[in-house]
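Participant: Coordinates in run33.cif, mmCIF, C-alpha atoms, are listed below.
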```
data_data
#
loop_
_atom_site.label_atom_id
_atom_site.label_comp_id
_atom_site.auth_asym_id
_atom_site.auth_seq_id
_atom_site.Cartn_x
_atom_site.Cartn_y
_atom_site.Cartn_z
CA MET A 1 114.96 99.01 103.06
CA GLU A 2 115.37 99.23 99.31
CA GLU A 3 112.40 100.36 97.30
CA SER A 4 112.55 97.18 95.24
CA LYS A 5 111.66 95.24 98.37
CA LEU A 6 108.51 97.26 98.89
CA SER A 7 106.47 95.32 96.36
CA LYS A 8 103.54 93.61 98.02
CA LEU A 9 104.15 90.05 99.19
CA PRO A 10 101.27 87.61 99.46
CA GLY A 11 99.63 88.18 102.80
CA GLU A 12 101.63 91.26 103.61
CA SER A 13 99.68 93.96 105.37
CA TYR A 14 99.08 96.85 103.09
CA SER A 15 96.82 99.81 102.66
CA ARG A 16 96.69 102.60 100.14
CA HIS A 17 99.25 104.74 101.95
CA ILE A 18 100.81 102.57 104.63
CA HIS A 19 102.86 99.46 104.17
CA ALA A 20 103.77 97.29 107.15
CA ARG A 21 105.43 94.07 108.12
CA PHE A 22 105.31 92.38 111.47
CA TRP A 23 106.97 89.53 113.28
CA ILE A 24 105.90 87.50 116.23
CA VAL A 25 108.94 87.40 118.48
CA ALA A 26 109.83 84.93 121.18
CA GLU A 27 110.11 86.13 124.74
CA GLN A 28 113.81 85.31 124.92
CA GLY A 29 114.62 87.68 122.09
CA HIS A 30 115.69 85.03 119.63
CA GLY A 31 113.42 83.28 117.21
CA TYR A 32 110.62 84.95 115.32
CA LEU A 33 107.81 84.29 112.89
CA GLY A 34 107.37 86.46 109.83
CA ILE A 35 105.38 86.04 106.63
CA GLY A 36 108.12 83.91 104.98
CA ARG A 37 108.20 81.39 107.79
CA ILE A 38 104.42 81.30 107.97
CA CYS A 39 104.32 80.43 104.26
CA LEU A 40 106.80 77.63 104.91
CA LEU A 41 104.65 76.24 107.72
CA GLU A 42 101.54 76.45 105.55
CA ASN A 43 103.29 74.59 102.75
CA ILE A 44 104.54 71.91 105.12
CA GLU A 45 100.95 71.40 106.28
CA ARG A 46 99.75 71.35 102.68
CA PHE A 47 102.30 68.87 101.33
CA GLY A 48 103.15 66.90 104.45
CA SER A 49 106.83 67.27 103.60
CA ILE A 50 109.54 69.80 104.36
CA ASN A 51 111.38 68.99 101.13
CA ARG A 52 108.25 69.37 99.03
CA ALA A 53 107.42 72.67 100.77
CA ALA A 54 110.92 73.97 100.11
CA LYS A 55 110.69 73.00 96.44
CA GLU A 56 107.32 74.76 96.12
CA MET A 57 108.88 77.95 97.48
CA GLY A 58 112.12 77.81 95.52
CA MET A 59 113.96 77.48 98.83
CA SER A 60 116.92 75.17 99.37
CA TYR A 61 116.21 72.04 101.42
CA LYS A 62 119.02 73.01 103.71
CA LYS A 63 117.50 76.40 104.46
CA ALA A 64 114.03 74.94 105.00
CA TRP A 65 115.32 72.34 107.47
CA LYS A 66 117.32 75.00 109.28
CA LEU A 67 114.23 77.20 109.56
CA VAL A 68 112.14 74.33 110.90
CA GLU A 69 114.84 73.64 113.46
CA ASP A 70 114.72 77.30 114.54
CA LEU A 71 110.93 77.34 114.59
CA ASN A 72 110.85 74.31 116.85
CA THR A 73 112.63 76.29 119.55
CA LEU A 74 110.21 79.22 119.35
CA GLY A 75 107.57 77.97 121.75
CA ASN A 76 107.39 75.53 124.61
CA GLU A 77 106.78 72.69 122.17
CA PRO A 78 107.73 72.03 118.53
CA LEU A 79 105.74 73.60 115.70
CA VAL A 80 106.59 70.88 113.20
CA MET A 81 106.68 67.12 113.78
CA SER A 82 107.92 64.30 111.58
CA GLU A 83 106.35 60.87 111.80
CA LYS A 84 108.23 57.77 110.80
CA GLY A 85 106.79 54.88 108.81
CA GLY A 86 103.32 53.55 109.64
CA LYS A 87 100.51 52.96 107.21
CA ALA A 88 100.70 56.47 105.81
CA GLY A 89 104.44 56.07 105.13
CA GLY A 90 105.50 58.80 107.54
CA GLY A 91 105.43 62.46 106.72
CA THR A 92 105.67 65.82 108.40
CA ARG A 93 102.91 67.92 109.83
CA LEU A 94 102.25 70.91 112.04
CA THR A 95 101.61 70.32 115.70
CA ALA A 96 98.67 71.98 117.46
CA MET A 97 101.14 74.69 118.50
CA GLY A 98 102.24 75.13 114.88
CA GLN A 99 98.65 75.48 113.73
CA TRP A 100 97.94 77.94 116.52
CA TYR A 101 100.81 80.16 115.41
CA VAL A 102 99.76 80.10 111.76
CA ASN A 103 96.14 80.93 112.62
CA ARG A 104 97.13 83.64 115.07
CA PHE A 105 99.51 85.22 112.56
CA ARG A 106 96.89 85.28 109.80
CA GLN A 107 94.23 86.72 112.12
CA LEU A 108 96.60 89.42 113.31
CA GLU A 109 97.55 90.18 109.74
CA GLN A 110 93.89 90.80 108.89
CA ARG A 111 93.32 93.03 111.90
CA LEU A 112 96.49 95.00 111.20
CA SER A 113 95.38 95.43 107.62
CA ASP A 114 92.02 96.81 108.81
CA PHE A 115 93.79 99.14 111.24
CA LEU A 116 96.10 100.48 108.55
CA GLN A 117 93.22 100.90 106.14
CA ALA A 118 91.45 103.14 108.64
CA GLU A 119 94.63 105.09 109.43
CA SER A 120 95.34 105.45 105.76
CA ALA A 121 92.17 107.45 105.19
CA ALA A 122 93.70 110.36 107.13
CA PHE A 123 96.41 110.68 104.49
CA ASP A 124 94.07 111.31 101.62
CA GLU A 125 93.93 115.02 102.25
CA LEU A 126 97.56 115.56 101.43
CA LEU A 127 98.95 112.58 99.52
CA MET B 1 114.89 89.23 107.77
CA GLU B 2 117.92 88.27 109.82
CA GLU B 3 117.49 88.02 113.56
CA SER B 4 120.30 90.49 114.07
CA LYS B 5 118.16 93.14 112.43
CA LEU B 6 115.35 92.59 114.90
CA SER B 7 116.87 94.68 117.66
CA LYS B 8 114.65 97.62 118.55
CA LEU B 9 115.39 100.82 116.71
CA PRO B 10 114.54 104.17 118.28
CA GLY B 11 110.91 104.84 117.59
CA GLU B 12 110.22 101.45 116.10
CA SER B 13 106.83 100.05 116.96
CA TYR B 14 107.18 97.22 119.38
CA SER B 15 105.21 95.27 121.89
CA ARG B 16 106.01 92.34 124.09
CA HIS B 17 105.28 89.76 121.41
CA ILE B 18 104.85 91.63 118.16
CA HIS B 19 107.43 93.64 116.32
CA ALA B 20 106.44 95.80 113.37
CA ARG B 21 107.81 98.31 110.92
CA PHE B 22 105.82 100.51 108.61
CA TRP B 23 106.41 102.81 105.70
CA ILE B 24 104.32 105.61 104.30
CA VAL B 25 104.29 105.00 100.59
CA ALA B 26 103.64 107.43 97.76
CA GLU B 27 100.68 106.91 95.53
CA GLN B 28 102.85 106.33 92.48
CA GLY B 29 104.53 103.35 94.04
CA HIS B 30 107.96 104.92 94.32
CA GLY B 31 109.19 106.90 97.26
CA TYR B 32 108.49 106.04 100.87
CA LEU B 33 109.05 107.24 104.40
CA GLY B 34 110.35 104.83 107.02
CA ILE B 35 111.87 105.36 110.44
CA GLY B 36 115.37 105.99 109.04
CA ARG B 37 114.20 108.78 106.75
CA ILE B 38 112.07 110.29 109.51
CA CYS B 39 115.15 110.42 111.75
CA LEU B 40 117.04 112.18 108.96
CA LEU B 41 114.25 114.77 108.61
CA GLU B 42 114.15 115.32 112.35
CA ASN B 43 117.91 115.84 112.45
CA ILE B 44 117.76 118.28 109.54
CA GLU B 45 115.14 120.25 111.46
CA ARG B 46 117.25 120.08 114.60
CA PHE B 47 120.55 121.17 113.08
CA GLY B 48 119.37 123.24 110.12
CA SER B 49 121.86 121.38 107.94
CA ILE B 50 121.81 118.22 105.85
CA ASN B 51 125.55 117.69 106.33
CA ARG B 52 125.30 118.09 110.08
CA ALA B 53 122.31 115.72 110.21
CA ALA B 54 124.23 113.13 108.18
CA LYS B 55 127.23 113.40 110.49
CA GLU B 56 125.03 112.99 113.55
CA MET B 57 123.63 109.76 112.10
CA GLY B 58 126.93 108.35 110.84
CA MET B 59 125.51 108.57 107.32
CA SER B 60 127.57 109.70 104.33
CA TYR B 61 126.80 113.20 103.04
CA LYS B 62 126.21 111.71 99.61
CA LYS B 63 123.58 109.31 100.92
CA ALA B 64 121.84 112.03 102.95
CA TRP B 65 121.62 114.37 99.96
CA LYS B 66 120.34 111.55 97.77
CA LEU B 67 117.65 110.73 100.35
CA VAL B 68 116.57 114.36 100.57
CA GLU B 69 116.34 114.47 96.80
CA ASP B 70 114.13 111.38 96.87
CA LEU B 71 112.03 112.74 99.72
CA ASN B 72 111.37 115.95 97.83
CA THR B 73 109.57 113.98 95.13
CA LEU B 74 107.33 112.18 97.62
CA GLY B 75 104.58 114.75 97.90
CA ASN B 76 103.18 117.54 95.81
CA GLU B 77 105.75 119.91 97.30
CA PRO B 78 109.26 119.48 98.75
CA LEU B 79 109.76 118.25 102.30
CA VAL B 80 113.11 119.97 102.74
CA MET B 81 114.12 123.46 101.64
CA SER B 82 117.50 125.18 101.58
CA GLU B 83 117.79 128.93 102.01
CA LYS B 84 120.70 130.89 100.67
CA GLY B 85 122.51 133.69 102.51
CA GLY B 86 120.52 136.29 104.41
CA LYS B 87 121.04 137.43 107.97
CA ALA B 88 120.90 133.87 109.28
CA GLY B 89 123.56 132.77 106.80
CA GLY B 90 121.30 130.34 104.97
CA GLY B 91 120.51 126.87 106.20
CA THR B 92 118.14 124.02 105.55
CA ARG B 93 114.78 123.38 107.13
CA LEU B 94 111.65 121.32 106.77
CA THR B 95 108.75 122.77 104.86
CA ALA B 96 105.23 122.64 106.30
CA MET B 97 104.77 119.47 104.26
CA GLY B 98 107.93 117.99 105.75
CA GLN B 99 106.75 118.77 109.27
CA TRP B 100 103.35 117.32 108.49
CA TYR B 101 104.91 114.02 107.40
CA VAL B 102 107.12 113.77 110.46
CA ASN B 103 104.23 114.50 112.83
CA ARG B 104 101.90 112.13 111.01
CA PHE B 105 104.50 109.36 111.07
CA ARG B 106 105.15 109.75 114.79
CA GLN B 107 101.44 109.84 115.61
CA LEU B 108 100.82 106.74 113.54
CA GLU B 109 103.76 105.03 115.21
CA GLN B 110 102.21 105.64 118.62
CA ARG B 111 98.80 104.38 117.57
CA LEU B 112 100.32 101.29 115.95
CA SER B 113 102.28 100.64 119.13
CA ASP B 114 99.06 100.83 121.18
CA PHE B 115 97.31 98.52 118.71
CA LEU B 116 100.11 95.95 118.90
CA GLN B 117 100.24 96.18 122.66
CA ALA B 118 96.57 95.25 122.84
CA GLU B 119 96.98 92.45 120.29
CA SER B 120 100.01 91.20 122.12
CA ALA B 121 98.01 90.44 125.24
CA ALA B 122 96.29 87.58 123.41
CA PHE B 123 99.63 85.81 123.07
CA ASP B 124 100.34 85.59 126.75
CA GLU B 125 98.41 82.36 127.14
CA LEU B 126 100.82 80.37 124.98
CA LEU B 127 104.11 82.24 124.64
#
```
Let's see the structure in the file written out as structure tokens.

Facilitator:
Amino acid sequence: MEESKLSKLPGESYSRHIHARFWIVAEQGHGYLGIGRICLLENIERFGSINRAAKEMGMSYKKAWKLVEDLNTLGNEPLVMSEKGGKAGGGTRLTAMGQWYVNRFRQLEQRLSDFLQAESAAFDELL
Amino acid sequence: MEESKLSKLPGESYSRHIHARFWIVAEQGHGYLGIGRICLLENIERFGSINRAAKEMGMSYKKAWKLVEDLNTLGNEPLVMSEKGGKAGGGTRLTAMGQWYVNRFRQLEQRLSDFLQAESAAFDELL
């Protein structure tokens, strides 16, 4: 990992002396959820649109759609669902499974951060 | 992060559902210790030679020497020290500081692994 990539990302777990990233991985060994994909899911929920979420993140539409396709194979049911037409004019939203993953990831992130903060204290003597 | 990079590395923290990497970072914001650099330090200690350690890891000598140079600016004292001549014919070894970092990293790795293993159990209901 290059040092330039070590700058803190929003939501990345970090303490004074320990920097960490984590991924939720699927049982089958393919498919995973990291902070970038979580941000995409959160933006889809926020804007109700994959294209709008991609634009917000400076990500190409093509990449965002590909990621959503991948994410929808992660669990037993899709994480993102598109609705056609209707009064609200369609739109895209997270399924209950999608929301569960986002919440679980953010909770874990907070607990990991607390864990690293406590571990970090042991470094103060020498760093 | 590409999926192909998600394969388990030796010593990488891992649980059934959560995969994590961590780095010990220097206070100044430059310089860090990750699993790759720890392996290099361990091989230097094992072989008493930076060149031999590099060869063992399939790393170029140039890269290994550059990493050691970086590592020696991480703490208040060097992590690696070369000795010239003498009965033992010289050689390279870890300083007390270098050994401290390696031990601390490996201990932290184990505790993080235990932490993630416990957290991972909460995923079993849905994954």

Participant: What are the residues of chain A that have an atom within 6 Å of an atom of chain B, counting all atoms listed in the file, as a PyMOL selection string?

Facilitator: chain A and resi 17-25

Participant: What's around B:Met81 at 12 Å? Count all atoms listed in the file, leave out sequence neighbours fewer than 5 positions away in its own chain, and write the answer as a list in words.

Facilitator: Leu41, Ile44, Glu45, Gly48, Ser49, Ile50, Trp65, Val68, Glu69, Leu71, Asn72, Gly90, Gly91, Thr92, Arg93, Leu94, Thr95, Ala96, Met97, Gly98 and Gln99 of chain B

Participant: Measure the distance from atom CA of B:Cys39 to atom CA of B:Gln110 in Å and round it to one decimal.

Facilitator: 15.4 Å

Participant: Do you have the atom CA of B:Ala54-atom CA of B:Glu83 distance handy?

Facilitator: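 Between atom CA of B:Ala54 and atom CA of B:Glu83 the gap works out to 18.1 Å.
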
Participant: How far is it from atom CA of A:Glu77 to atom CA of A:Gly58, in Å with one decimal?

Facilitator: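 One can read the atom CA of A:Glu77 to atom CA of A:Gly58 distance as 27.7 Å.
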